[in-house]
file query.txt (compact mmCIF, C-alpha atoms and all ligand atoms)
# COMPACT_ATOMS: atom_id res chain seq x y z
CA MET G 1 -8.63 -26.74 -13.57
CA LYS G 2 -6.17 -23.85 -13.28
CA HIS G 3 -3.14 -23.99 -15.58
CA LEU G 4 0.06 -22.71 -13.96
CA SER G 5 3.61 -21.66 -14.82
CA ILE G 6 6.20 -21.36 -12.08
CA PHE G 7 9.28 -19.30 -12.84
CA GLY G 8 12.01 -19.86 -10.26
CA ALA G 9 10.42 -23.15 -9.21
CA THR G 10 13.55 -24.49 -7.51
CA GLY G 11 13.85 -21.56 -5.10
CA SER G 12 12.26 -20.88 -1.75
CA ILE G 13 9.08 -19.25 -3.12
CA GLY G 14 8.87 -21.75 -6.00
CA GLN G 15 9.01 -24.68 -3.59
CA SER G 16 6.39 -23.16 -1.29
CA THR G 17 4.15 -22.68 -4.33
CA LEU G 18 4.61 -26.30 -5.36
CA ASP G 19 3.88 -27.39 -1.80
CA LEU G 20 0.43 -25.76 -2.06
CA VAL G 21 -0.15 -27.19 -5.54
CA ARG G 22 0.85 -30.67 -4.31
CA ARG G 23 -1.83 -30.55 -1.61
CA ASN G 24 -4.58 -29.90 -4.20
CA LYS G 25 -3.29 -31.62 -7.33
CA GLU G 26 -6.79 -32.12 -8.71
CA LEU G 27 -7.25 -28.33 -8.97
CA TYR G 28 -4.10 -27.51 -10.89
CA SER G 29 -2.11 -28.42 -13.96
CA VAL G 30 1.52 -27.26 -13.91
CA GLU G 31 2.55 -26.37 -17.49
CA VAL G 32 5.96 -24.72 -17.06
CA LEU G 33 8.72 -25.08 -14.47
CA THR G 34 11.95 -23.08 -14.61
CA GLY G 35 15.04 -23.31 -12.45
CA GLY G 36 18.73 -22.55 -12.49
CA ARG G 37 21.60 -24.62 -11.15
CA ASN G 38 19.58 -26.91 -8.88
CA LEU G 39 18.98 -29.64 -11.46
CA ASP G 40 18.20 -32.36 -8.92
CA ARG G 41 15.26 -30.38 -7.62
CA LEU G 42 14.13 -29.33 -11.08
CA VAL G 43 14.17 -32.92 -12.33
CA ASP G 44 12.36 -34.24 -9.23
CA ASN G 45 9.67 -31.57 -9.58
CA ALA G 46 9.36 -32.21 -13.32
CA LEU G 47 8.86 -35.94 -12.75
CA GLU G 48 6.28 -35.25 -10.06
CA PHE G 49 4.24 -32.49 -11.77
CA ARG G 50 4.78 -33.50 -15.43
CA PRO G 51 4.74 -30.00 -16.98
CA LYS G 52 4.81 -29.42 -20.74
CA ILE G 53 8.07 -27.43 -20.56
CA VAL G 54 11.03 -27.38 -18.17
CA VAL G 55 13.76 -24.77 -18.53
CA THR G 56 17.11 -24.24 -16.85
CA ALA G 57 18.43 -20.67 -16.85
CA TYR G 58 21.93 -21.81 -17.82
CA GLU G 59 23.03 -23.16 -21.21
CA ASP G 60 25.72 -25.34 -19.61
CA THR G 61 23.14 -27.39 -17.72
CA TYR G 62 20.89 -27.96 -20.74
CA GLN G 63 22.43 -31.24 -21.91
CA GLU G 64 22.24 -32.88 -18.50
CA LEU G 65 18.64 -31.72 -17.99
CA LYS G 66 17.69 -33.05 -21.43
CA GLU G 67 19.26 -36.43 -20.70
CA ARG G 68 17.64 -36.74 -17.29
CA LEU G 69 14.18 -35.97 -18.72
CA SER G 70 14.58 -38.01 -21.91
CA GLY G 71 11.68 -40.33 -22.63
CA THR G 72 9.27 -38.31 -20.48
CA GLY G 73 7.82 -36.26 -23.36
CA ILE G 74 8.63 -33.04 -21.47
CA GLU G 75 10.06 -30.29 -23.66
CA VAL G 76 13.38 -28.98 -22.32
CA GLY G 77 14.79 -25.48 -22.82
CA SER G 78 17.61 -23.32 -21.50
CA GLY G 79 18.92 -19.80 -21.11
CA VAL G 80 17.21 -16.43 -21.04
CA ASN G 81 15.48 -17.10 -24.37
CA GLY G 82 14.29 -20.51 -23.21
CA ILE G 83 12.70 -18.98 -20.11
CA ASN G 84 11.17 -16.09 -22.03
CA ASP G 85 9.76 -18.46 -24.67
CA SER G 86 8.26 -20.71 -22.02
CA ALA G 87 6.53 -17.65 -20.55
CA SER G 88 4.62 -17.22 -23.80
CA LEU G 89 2.76 -20.50 -23.27
CA PRO G 90 -0.79 -19.43 -22.37
CA VAL G 91 -1.70 -20.30 -18.77
CA ASP G 92 -4.18 -18.93 -16.24
CA TRP G 93 -1.72 -18.03 -13.50
CA ALA G 94 2.03 -17.58 -13.33
CA MET G 95 4.31 -17.33 -10.30
CA SER G 96 7.16 -14.87 -10.82
CA ALA G 97 9.76 -16.18 -8.36
CA ILE G 98 13.06 -15.83 -10.18
CA VAL G 99 15.47 -13.80 -8.07
CA GLY G 100 16.70 -10.45 -9.43
CA ALA G 101 16.03 -8.44 -12.58
CA ALA G 102 16.14 -11.71 -14.58
CA GLY G 103 12.51 -12.12 -13.48
CA LEU G 104 11.27 -9.06 -15.35
CA GLU G 105 10.86 -10.37 -18.90
CA PRO G 106 9.23 -13.70 -18.06
CA GLY G 107 6.68 -11.85 -15.91
CA LEU G 108 5.87 -9.42 -18.71
CA ARG G 109 5.60 -12.23 -21.27
CA ALA G 110 3.33 -14.25 -19.01
CA MET G 111 0.96 -11.29 -18.61
CA GLN G 112 1.04 -10.64 -22.36
CA SER G 113 0.00 -14.27 -22.85
CA GLY G 114 -3.00 -13.79 -20.58
CA ALA G 115 -1.80 -15.03 -17.18
CA ASP G 116 -2.61 -13.39 -13.87
CA LEU G 117 0.82 -12.73 -12.39
CA ALA G 118 1.66 -13.62 -8.80
CA LEU G 119 4.55 -11.29 -8.15
CA ALA G 120 7.21 -12.43 -5.70
CA ASN G 121 9.92 -10.93 -7.89
CA LYS G 122 9.85 -7.42 -6.43
CA GLU G 123 12.75 -6.39 -8.68
CA SER G 124 10.32 -6.27 -11.65
CA MET G 125 8.22 -3.62 -9.95
CA VAL G 126 11.27 -1.68 -8.75
CA ALA G 127 12.92 -1.61 -12.17
CA ALA G 128 9.83 -1.28 -14.35
CA GLY G 129 6.75 -0.49 -12.26
CA PRO G 130 4.96 1.63 -14.90
CA LEU G 131 5.59 -0.98 -17.60
CA MET G 132 4.39 -3.80 -15.34
CA ARG G 133 1.19 -1.92 -14.48
CA GLN G 134 0.55 -0.98 -18.10
CA THR G 135 1.05 -4.59 -19.23
CA SER G 136 -1.35 -5.86 -16.59
CA PHE G 137 -3.93 -3.24 -17.60
CA GLU G 138 -3.62 -3.74 -21.36
CA ASN G 139 -3.93 -7.52 -21.08
CA ASP G 140 -6.67 -7.39 -18.47
CA VAL G 141 -4.78 -9.66 -16.07
CA ALA G 142 -4.29 -9.29 -12.34
CA LEU G 143 -0.99 -8.31 -10.75
CA LEU G 144 -1.10 -10.11 -7.42
CA PRO G 145 1.53 -9.10 -4.86
CA VAL G 146 3.24 -12.01 -3.10
CA ASP G 147 5.67 -10.11 -0.89
CA SER G 148 3.99 -10.56 2.50
CA GLU G 149 3.83 -6.79 3.13
CA HIS G 150 2.29 -6.01 -0.24
CA SER G 151 -0.10 -8.92 -0.06
CA ALA G 152 -1.11 -7.49 3.33
CA VAL G 153 -1.73 -4.03 1.84
CA PHE G 154 -3.60 -5.59 -1.09
CA GLN G 155 -5.82 -7.54 1.31
CA ALA G 156 -6.42 -4.50 3.55
CA LEU G 157 -7.58 -2.56 0.48
CA ILE G 158 -10.23 -5.03 -0.64
CA GLY G 159 -13.53 -3.16 -0.83
CA GLU G 160 -11.89 0.17 0.06
CA ASP G 161 -11.76 3.37 -1.97
CA ARG G 162 -8.09 3.78 -2.88
CA LYS G 163 -8.51 7.55 -2.90
CA ALA G 164 -9.10 7.35 0.86
CA ILE G 165 -5.60 5.97 1.54
CA GLU G 166 -3.56 8.34 3.67
CA ARG G 167 -0.51 6.18 4.27
CA VAL G 168 0.88 2.68 4.13
CA ILE G 169 3.09 1.27 6.87
CA LEU G 170 5.39 -1.60 5.96
CA THR G 171 6.94 -3.56 8.79
CA ALA G 172 10.52 -4.82 8.83
CA SER G 173 11.97 -7.52 11.05
CA GLY G 174 15.30 -5.69 11.22
CA GLY G 175 17.04 -8.77 9.80
CA ALA G 176 20.05 -10.57 11.21
CA PHE G 177 21.71 -7.41 12.59
CA ARG G 178 18.79 -5.72 14.28
CA ASP G 179 20.52 -5.66 17.65
CA TRP G 180 24.09 -5.27 16.39
CA SER G 181 26.15 -2.08 16.80
CA LEU G 182 27.35 -0.10 13.78
CA ALA G 183 30.91 -1.35 14.40
CA GLU G 184 29.76 -4.98 14.43
CA ILE G 185 27.67 -4.50 11.28
CA THR G 186 30.63 -2.93 9.48
CA ALA G 187 32.60 -6.16 9.97
CA ALA G 188 29.70 -8.56 9.23
CA THR G 189 30.38 -11.58 7.00
CA PRO G 190 28.10 -13.01 4.28
CA GLU G 191 27.44 -16.08 6.45
CA GLN G 192 26.27 -13.93 9.36
CA ALA G 193 24.08 -11.82 7.06
CA ALA G 194 22.47 -14.89 5.48
CA THR G 195 20.78 -15.98 8.72
CA HIS G 196 17.30 -14.58 9.25
CA PRO G 197 15.71 -14.49 12.73
CA ASN G 198 12.12 -15.20 11.52
CA TRP G 199 11.86 -16.08 7.82
CA ASP G 200 13.30 -19.01 5.90
CA MET G 201 14.22 -17.50 2.50
CA GLY G 202 16.77 -17.66 -0.32
CA GLN G 203 20.34 -16.48 0.42
CA ARG G 204 20.16 -13.20 -1.52
CA ILE G 205 16.91 -11.92 -0.02
CA THR G 206 18.10 -12.92 3.46
CA ILE G 207 21.24 -10.80 3.09
CA ASP G 208 19.07 -8.02 1.64
CA SER G 209 16.94 -8.24 4.77
CA ALA G 210 19.98 -7.74 6.99
CA SER G 211 21.00 -4.62 5.01
CA MET G 212 17.37 -3.51 4.57
CA PHE G 213 17.95 -3.39 0.82
CA ASN G 214 15.01 -5.76 0.80
CA LYS G 215 12.81 -3.29 2.67
CA ALA G 216 14.12 -0.52 0.42
CA LEU G 217 13.02 -2.47 -2.66
CA GLU G 218 9.66 -3.04 -0.97
CA VAL G 219 9.20 0.69 -0.37
CA ILE G 220 9.72 1.31 -4.10
CA GLU G 221 7.53 -1.69 -4.95
CA ALA G 222 4.73 -0.28 -2.74
CA LYS G 223 4.91 3.06 -4.52
CA GLU G 224 4.58 1.34 -7.90
CA LEU G 225 1.92 -1.20 -6.94
CA PHE G 226 -0.38 1.16 -5.06
CA ASN G 227 0.44 4.48 -6.75
CA LEU G 228 1.70 6.17 -3.57
CA SER G 229 3.95 9.16 -2.98
CA ALA G 230 7.13 9.01 -0.88
CA SER G 231 5.45 10.76 2.05
CA GLN G 232 2.71 8.11 2.14
CA ILE G 233 5.06 5.17 2.78
CA GLU G 234 6.44 4.48 6.25
CA VAL G 235 8.62 1.67 7.57
CA VAL G 236 8.61 0.48 11.17
CA VAL G 237 10.75 -2.24 12.71
CA HIS G 238 8.56 -5.01 14.12
CA PRO G 239 10.75 -7.87 15.36
CA GLN G 240 7.97 -10.47 15.57
CA SER G 241 7.27 -10.36 11.77
CA MET G 242 3.58 -11.11 12.25
CA LEU G 243 1.97 -7.79 11.52
CA HIS G 244 3.01 -7.44 7.90
CA ALA G 245 1.63 -4.05 6.92
CA LEU G 246 -1.01 -1.48 7.79
CA VAL G 247 -3.05 0.88 5.66
CA GLY G 248 -4.04 4.22 7.19
CA PHE G 249 -7.17 5.88 5.83
CA GLN G 250 -8.35 9.49 5.78
CA ASP G 251 -10.55 8.93 8.81
CA GLY G 252 -7.50 8.00 10.92
CA GLY G 253 -8.28 4.27 11.00
CA LEU G 254 -5.57 1.68 10.43
CA MET G 255 -6.28 -1.69 8.81
CA ALA G 256 -3.61 -4.23 9.72
CA HIS G 257 -2.88 -7.65 8.32
CA ILE G 258 -1.60 -10.20 10.81
CA GLY G 259 -0.39 -13.69 10.00
CA PRO G 260 2.41 -16.17 10.66
CA ALA G 261 5.83 -15.70 9.07
CA ASP G 262 5.05 -18.25 6.37
CA MET G 263 5.12 -17.22 2.71
CA ARG G 264 2.50 -19.85 1.90
CA HIS G 265 -0.12 -17.44 3.19
CA ALA G 266 0.62 -14.72 0.62
CA ILE G 267 1.30 -17.29 -2.13
CA GLY G 268 -1.94 -19.12 -1.32
CA PHE G 269 -3.91 -15.88 -1.26
CA ALA G 270 -2.63 -15.09 -4.77
CA LEU G 271 -3.28 -18.65 -5.94
CA ASN G 272 -6.88 -18.68 -4.68
CA TYR G 273 -7.66 -15.06 -5.56
CA PRO G 274 -10.36 -13.74 -5.64
CA ASN G 275 -11.50 -16.44 -3.21
CA ARG G 276 -10.12 -17.44 0.18
CA SER G 277 -9.53 -21.14 0.79
CA TYR G 278 -7.98 -23.25 3.53
CA LEU G 279 -4.20 -22.82 3.84
CA PRO G 280 -1.90 -25.06 5.88
CA VAL G 281 -0.30 -22.26 7.90
CA GLU G 282 0.01 -21.88 11.65
CA ARG G 283 -2.96 -20.29 13.43
CA LEU G 284 -1.62 -17.54 15.68
CA ASP G 285 -2.24 -17.70 19.41
CA LEU G 286 -2.25 -13.98 20.31
CA VAL G 287 -2.25 -14.59 24.05
CA LYS G 288 0.84 -16.76 23.75
CA ILE G 289 2.53 -14.14 21.56
CA GLY G 290 1.64 -11.54 24.17
CA ARG G 291 2.99 -8.40 22.53
CA PHE G 292 3.93 -6.72 19.29
CA ASP G 293 6.85 -4.27 19.35
CA PHE G 294 7.52 -1.36 17.00
CA SER G 295 10.44 1.03 16.60
CA ALA G 296 11.80 3.42 14.00
CA PRO G 297 14.49 2.08 11.63
CA ASP G 298 17.99 3.50 12.16
CA LEU G 299 18.93 5.08 8.83
CA VAL G 300 22.64 5.14 9.77
CA LYS G 301 22.61 1.37 10.21
CA TYR G 302 20.37 0.97 7.17
CA PRO G 303 21.50 3.49 4.51
CA ALA G 304 19.78 1.41 1.80
CA LEU G 305 16.44 2.58 3.16
CA ARG G 306 17.42 6.26 2.98
CA LEU G 307 18.47 5.74 -0.65
CA ALA G 308 15.10 4.17 -1.49
CA TYR G 309 13.40 7.45 -0.59
CA ASP G 310 15.82 9.25 -2.96
CA VAL G 311 14.65 6.85 -5.67
CA LEU G 312 11.01 7.66 -4.93
CA GLU G 313 11.77 11.36 -5.41
CA LEU G 314 13.90 10.84 -8.52
CA GLY G 315 11.44 8.56 -10.35
CA GLY G 316 12.21 7.69 -13.98
CA PHE G 317 14.71 4.86 -14.28
CA SER G 318 16.23 5.35 -10.84
CA GLY G 319 14.58 2.13 -9.57
CA ALA G 320 16.18 0.11 -12.38
CA VAL G 321 19.59 1.61 -11.61
CA TYR G 322 19.18 1.20 -7.85
CA ASN G 323 18.25 -2.46 -8.22
CA SER G 324 20.95 -3.44 -10.70
CA ALA G 325 23.70 -1.62 -8.78
CA LYS G 326 22.47 -3.39 -5.64
CA GLU G 327 22.65 -6.79 -7.36
CA ILE G 328 26.30 -6.19 -8.32
CA ALA G 329 27.15 -4.84 -4.86
CA LEU G 330 25.52 -7.92 -3.31
CA ASP G 331 27.58 -10.23 -5.56
CA ALA G 332 30.72 -8.38 -4.41
CA PHE G 333 29.73 -8.70 -0.74
CA ILE G 334 29.01 -12.42 -1.11
CA ALA G 335 32.42 -12.81 -2.82
CA GLN G 336 33.92 -10.89 0.14
CA ARG G 337 35.30 -8.16 -2.11
CA ILE G 338 33.48 -5.40 -0.25
CA GLY G 339 32.15 -4.98 3.27
CA PHE G 340 28.53 -5.06 4.37
CA LEU G 341 28.00 -1.28 4.54
CA ASP G 342 30.00 -0.75 1.33
CA MET G 343 27.02 -2.15 -0.62
CA ALA G 344 25.01 1.03 0.03
CA LYS G 345 28.08 3.18 -0.74
CA VAL G 346 28.34 1.55 -4.17
CA VAL G 347 24.65 2.07 -4.91
CA GLU G 348 24.76 5.70 -3.75
CA ALA G 349 27.80 6.43 -5.93
CA VAL G 350 26.09 4.87 -8.95
CA LEU G 351 22.87 6.81 -8.40
CA GLU G 352 24.84 10.05 -8.13
CA ARG G 353 26.78 9.26 -11.28
CA VAL G 354 23.84 8.45 -13.48
CA PHE G 355 22.17 11.89 -13.26
CA ILE G 356 18.86 10.16 -13.34
CA LYS G 357 16.80 13.31 -13.51
CA SER G 358 18.04 14.13 -16.99
CA MET G 359 17.27 10.62 -18.20
CA SER G 360 13.80 10.39 -16.77
CA LYS G 361 12.28 11.99 -19.86
CA GLU G 362 12.87 8.88 -21.93
CA ASN G 363 9.95 6.50 -22.32
CA ILE G 364 9.67 4.52 -19.08
CA PHE G 365 7.15 2.14 -20.68
CA CYS G 366 9.79 0.77 -23.07
CA LEU G 367 11.41 -2.49 -21.97
CA GLU G 368 14.58 -1.77 -23.95
CA ASN G 369 15.09 1.52 -22.08
CA VAL G 370 14.61 -0.25 -18.74
CA LEU G 371 17.12 -2.96 -19.71
CA ASN G 372 19.61 -0.31 -20.88
CA MET G 373 19.40 1.48 -17.54
CA ASP G 374 19.66 -1.83 -15.70
CA HIS G 375 22.82 -2.52 -17.70
CA THR G 376 24.25 0.96 -16.99
CA GLY G 377 23.70 0.43 -13.27
CA ARG G 378 25.63 -2.85 -13.43
CA ILE G 379 28.58 -1.40 -15.38
CA TYR G 380 28.85 1.63 -13.09
CA ALA G 381 28.61 -0.50 -9.96
CA LYS G 382 31.45 -2.73 -11.20
CA GLU G 383 33.54 0.37 -11.94
CA GLU G 384 32.84 1.86 -8.50
CA ILE G 385 33.87 -1.40 -6.83
CA GLU G 386 37.05 -1.54 -8.94
CA LYS G 387 37.87 2.10 -8.13
CA LYS G 388 37.18 2.17 -4.41
CA PHE G 389 37.69 -1.31 -2.99
P1 LIG R 401 15.82 -18.29 -4.29
O1 LIG R 401 17.23 -17.84 -4.42
O2 LIG R 401 15.48 -19.28 -3.25
O3 LIG R 401 15.30 -18.86 -5.71
C1 LIG R 401 15.49 -18.15 -6.89
C2 LIG R 401 15.01 -18.93 -8.07
O4 LIG R 401 15.44 -18.28 -9.29
C3 LIG R 401 15.58 -20.34 -8.17
O5 LIG R 401 14.67 -21.15 -8.86
C4 LIG R 401 16.85 -20.14 -9.01
O6 LIG R 401 17.31 -21.33 -9.62
C5 LIG R 401 16.32 -19.15 -10.04
N1 LIG R 401 17.34 -18.31 -10.64
C6 LIG R 401 18.45 -17.80 -10.06
N2 LIG R 401 19.12 -17.01 -10.92
C7 LIG R 401 18.40 -17.03 -12.09
C8 LIG R 401 18.57 -16.42 -13.36
N3 LIG R 401 19.61 -15.60 -13.64
N4 LIG R 401 17.65 -16.65 -14.32
C9 LIG R 401 16.59 -17.46 -14.07
N5 LIG R 401 16.38 -18.09 -12.88
C10 LIG R 401 17.28 -17.86 -11.91
O7 LIG R 401 14.96 -16.96 -4.12
P2 LIG R 401 13.60 -16.75 -3.33
O8 LIG R 401 12.64 -17.82 -3.67
O9 LIG R 401 13.92 -16.47 -1.91
O10 LIG R 401 13.11 -15.37 -3.95
C11 LIG R 401 12.58 -15.31 -5.25
C12 LIG R 401 11.99 -13.91 -5.46
O11 LIG R 401 10.93 -13.73 -4.52
C13 LIG R 401 12.98 -12.77 -5.19
O12 LIG R 401 12.70 -11.71 -6.05
C14 LIG R 401 12.67 -12.37 -3.76
O13 LIG R 401 12.99 -11.03 -3.49
C15 LIG R 401 11.17 -12.60 -3.71
N6 LIG R 401 10.63 -12.86 -2.39
C16 LIG R 401 11.07 -13.93 -1.67
C17 LIG R 401 10.57 -14.20 -0.40
C18 LIG R 401 10.99 -15.40 0.38
O14 LIG R 401 10.44 -15.65 1.46
N7 LIG R 401 11.91 -16.21 -0.08
C19 LIG R 401 9.60 -13.29 0.23
C20 LIG R 401 9.14 -12.23 -0.67
C21 LIG R 401 9.66 -12.03 -1.90
P3 LIG R 401 18.36 -22.33 -8.86
O15 LIG R 401 18.14 -22.19 -7.41
O16 LIG R 401 17.99 -23.67 -9.43
O17 LIG R 401 19.73 -21.89 -9.30
call {"tool": "encode", "arguments": {"input": "query.txt", "output": "structure tokens", "more": "lines below"}}
Ligand code: NDP
result
Amino acid sequence: MKHLSIFGATGSIGQSTLDLVRRNKELYSVEVLTGGRNLDRLVDNALEFRPKIVVTAYEDTYQELKERLSGTGIEVGSGVNGINDSASLPVDWAMSAIVGAAGLEPGLRAMQSGADLALANKESMVAAGPLMRQTSFENDVALLPVDSEHSAVFQALIGEDRKAIERVILTASGGAFRDWSLAEITAATPEQAATHPNWDMGQRITIDSASMFNKALEVIEAKELFNLSASQIEVVVHPQSMLHALVGFQDGGLMAHIGPADMRHAIGFALNYPNRSYLPVERLDLVKIGRFDFSAPDLVKYPALRLAYDVLELGGFSGAVYNSAKEIALDAFIAQRIGFLDMAKVVEAVLERVFIKSMSKENIFCLENVLNMDHTGRIYAKEEIEKKF
């Protein structure tokens, strides 16, 4: 029996993970579930899966959670410390599906406690890739990508010599505004941005898909996961979202991974790794689909992507700053304080201000340094928003 922890259980990835676990309950024992504000879902899942520990991210929901689970024998925790402590419970496999940089510490703790880490939380890799890789190596645990593109690359690399990789091509759907003009995008509202043409995901990642901040984070994540240089990572727009990524090798061959737009494939691959087992996802009918389209991303419409390549060149803590400034800019867009394209302007201004090159000499393997730079990015982003908007 595989013992599991699921961080961010109440979200889109967390629920898809539980859906797979539910179908094979005899194979798994859920030990930890964490959530945030969605107490109804957290309580329902706790009563169904009977974990040892359930944690809400917010102190103000602790009392209600405790009352609703009283008499069940389930330990209840809250806050950042509650989540981090729950991540120290030894399990075999942990799903990192908290949204944002808040997912970093639980993922690190889970690996330190011996769990293979299924990594949906791309922000961990963007902010602290070297530290994540080192922690996985030192604790002899697997770091299993769950982002569909990175799972695709990971799968295409099985049995291959990594030194033979020439390039990696990540596909992007183009998000909600793929066919919109620059003028229309400039005036886009949070509601419009939160509608994805192909994928059913959480609100924040859906808006990040429309701005391509999501793809930008994935470019940085790919560099960190597969040890690539900026010139080895390409992005192409592929509206059908079925060909998730390709790996190009030295002999000119391309290995592609094709599958339905259903995160349960990548989650299930990570859950069953190193084996492949049946997954309840759609089987693609290629004749019915008929065609796959590709085009180059428009960097004027998607400035976030251009900035990601700056981050690849800068290295050091620039990923941590990029991500945290983006999180604040996204909050401001959702609150309708700034416009859609202003998000990238805020991030660019913060990156310029931080003089990352001079800071990159500090130890990038130190969590405290990463958190300090994450914090700096947040403060500067708030100041930029205050100053300019
Ligand atoms: P959701 O917004 O649907 O879920 C996020 C989860 O994190 C929820 O359980 C939420 O709790 C919890 N949460 C929110 N804020 C905090 C916090 N400060 N501390 C602790 N927990 C918190 O996100 P997704 O499931 O869509 O995405 C999760 C991660 O996976 C993200 O990093 C995303 O980029 C990545 N990802 C998602 C994909 C998708 O298809 N959805 C695809 C690939 C990657 P609650 O809802 O109860 O408040």
call {"tool": "atom_distance", "arguments": {"input": "query.txt", "atom1": "CA of Leu104 in chain G", "atom2": "CA of Asp147 in chain G"}}
result
15.5 Å
call {"tool": "atom_distance", "arguments": {"input": "query.txt", "atom1": "CA of Lys326 in chain G", "atom2": "atom C15 of ligand LIG 401 (chain R)"}}
result
14.7 Å
call {"tool": "residues_near_ligand", "arguments": {"input": "query.txt", "ligand": "ligand LIG 401 (chain R)", "cutoff": "8 Å", "atoms": "only C-alpha atoms and all ligand atoms", "output": "PyMOL selection string"}}
result
chain G and resi 7-15+34-39+41-42+56-58+79-80+83+96-100+102-103+119-123+146-148+199-206+214+262-263
call {"tool": "write_last_selection", "arguments": {"input": "query.txt", "atoms": "C-alpha atoms", "output": "PDB file, in the coordinates of the input"}}
result
ATOM      1  CA  PHE G   7       9.280 -19.300 -12.840  1.00  0.00           C
ATOM      2  CA  GLY G   8      12.010 -19.860 -10.260  1.00  0.00           C
ATOM      3  CA  ALA G   9      10.420 -23.150  -9.210  1.00  0.00           C
ATOM      4  CA  THR G  10      13.550 -24.490  -7.510  1.00  0.00           C
ATOM      5  CA  GLY G  11      13.850 -21.560  -5.100  1.00  0.00           C
ATOM      6  CA  SER G  12      12.260 -20.880  -1.750  1.00  0.00           C
ATOM      7  CA  ILE G  13       9.080 -19.250  -3.120  1.00  0.00           C
ATOM      8  CA  GLY G  14       8.870 -21.750  -6.000  1.00  0.00           C
ATOM      9  CA  GLN G  15       9.010 -24.680  -3.590  1.00  0.00           C
ATOM     10  CA  THR G  34      11.950 -23.080 -14.610  1.00  0.00           C
ATOM     11  CA  GLY G  35      15.040 -23.310 -12.450  1.00  0.00           C
ATOM     12  CA  GLY G  36      18.730 -22.550 -12.490  1.00  0.00           C
ATOM     13  CA  ARG G  37      21.600 -24.620 -11.150  1.00  0.00           C
ATOM     14  CA  ASN G  38      19.580 -26.910  -8.880  1.00  0.00           C
ATOM     15  CA  LEU G  39      18.980 -29.640 -11.460  1.00  0.00           C
ATOM     16  CA  ARG G  41      15.260 -30.380  -7.620  1.00  0.00           C
ATOM     17  CA  LEU G  42      14.130 -29.330 -11.080  1.00  0.00           C
ATOM     18  CA  THR G  56      17.110 -24.240 -16.850  1.00  0.00           C
ATOM     19  CA  ALA G  57      18.430 -20.670 -16.850  1.00  0.00           C
ATOM     20  CA  TYR G  58      21.930 -21.810 -17.820  1.00  0.00           C
ATOM     21  CA  GLY G  79      18.920 -19.800 -21.110  1.00  0.00           C
ATOM     22  CA  VAL G  80      17.210 -16.430 -21.040  1.00  0.00           C
ATOM     23  CA  ILE G  83      12.700 -18.980 -20.110  1.00  0.00           C
ATOM     24  CA  SER G  96       7.160 -14.870 -10.820  1.00  0.00           C
ATOM     25  CA  ALA G  97       9.760 -16.180  -8.360  1.00  0.00           C
ATOM     26  CA  ILE G  98      13.060 -15.830 -10.180  1.00  0.00           C
ATOM     27  CA  VAL G  99      15.470 -13.800  -8.070  1.00  0.00           C
ATOM     28  CA  GLY G 100      16.700 -10.450  -9.430  1.00  0.00           C
ATOM     29  CA  ALA G 102      16.140 -11.710 -14.580  1.00  0.00           C
ATOM     30  CA  GLY G 103      12.510 -12.120 -13.480  1.00  0.00           C
ATOM     31  CA  LEU G 119       4.550 -11.290  -8.150  1.00  0.00           C
ATOM     32  CA  ALA G 120       7.210 -12.430  -5.700  1.00  0.00           C
ATOM     33  CA  ASN G 121       9.920 -10.930  -7.890  1.00  0.00           C
ATOM     34  CA  LYS G 122       9.850  -7.420  -6.430  1.00  0.00           C
ATOM     35  CA  GLU G 123      12.750  -6.390  -8.680  1.00  0.00           C
ATOM     36  CA  VAL G 146       3.240 -12.010  -3.100  1.00  0.00           C
ATOM     37  CA  ASP G 147       5.670 -10.110  -0.890  1.00  0.00           C
ATOM     38  CA  SER G 148       3.990 -10.560   2.500  1.00  0.00           C
ATOM     39  CA  TRP G 199      11.860 -16.080   7.820  1.00  0.00           C
ATOM     40  CA  ASP G 200      13.300 -19.010   5.900  1.00  0.00           C
ATOM     41  CA  MET G 201      14.220 -17.500   2.500  1.00  0.00           C
ATOM     42  CA  GLY G 202      16.770 -17.660  -0.320  1.00  0.00           C
ATOM     43  CA  GLN G 203      20.340 -16.480   0.420  1.00  0.00           C
ATOM     44  CA  ARG G 204      20.160 -13.200  -1.520  1.00  0.00           C
ATOM     45  CA  ILE G 205      16.910 -11.920  -0.020  1.00  0.00           C
ATOM     46  CA  THR G 206      18.100 -12.920   3.460  1.00  0.00           C
ATOM     47  CA  ASN G 214      15.010  -5.760   0.800  1.00  0.00           C
ATOM     48  CA  ASP G 262       5.050 -18.250   6.370  1.00  0.00           C
ATOM     49  CA  MET G 263       5.120 -17.220   2.710  1.00  0.00           C
TER      50      MET G 263
END
call {"tool": "atom_distance", "arguments": {"input": "query.txt", "atom1": "CA of Leu157 in chain G", "atom2": "CA of Ala118 in chain G"}}
result
17.1 Å
call {"tool": "closest_residue", "arguments": {"input": "query.txt", "among": "G:Arg264, G:Arg162, G:Arg283, G:Arg109", "to": "Asn227 in chain G", "atoms": "all atoms listed in the file"}}
result
G:Arg162
call {"tool": "residues_around", "arguments": {"input": "query.txt", "residues": "Val300 in chain G", "least_positions_apart": "4", "cutoff": "10 Å", "atoms": "all atoms listed in the file", "output": "JSON, numbers by chain"}}
result
{"G": [182, 304, 305, 306, 341]}
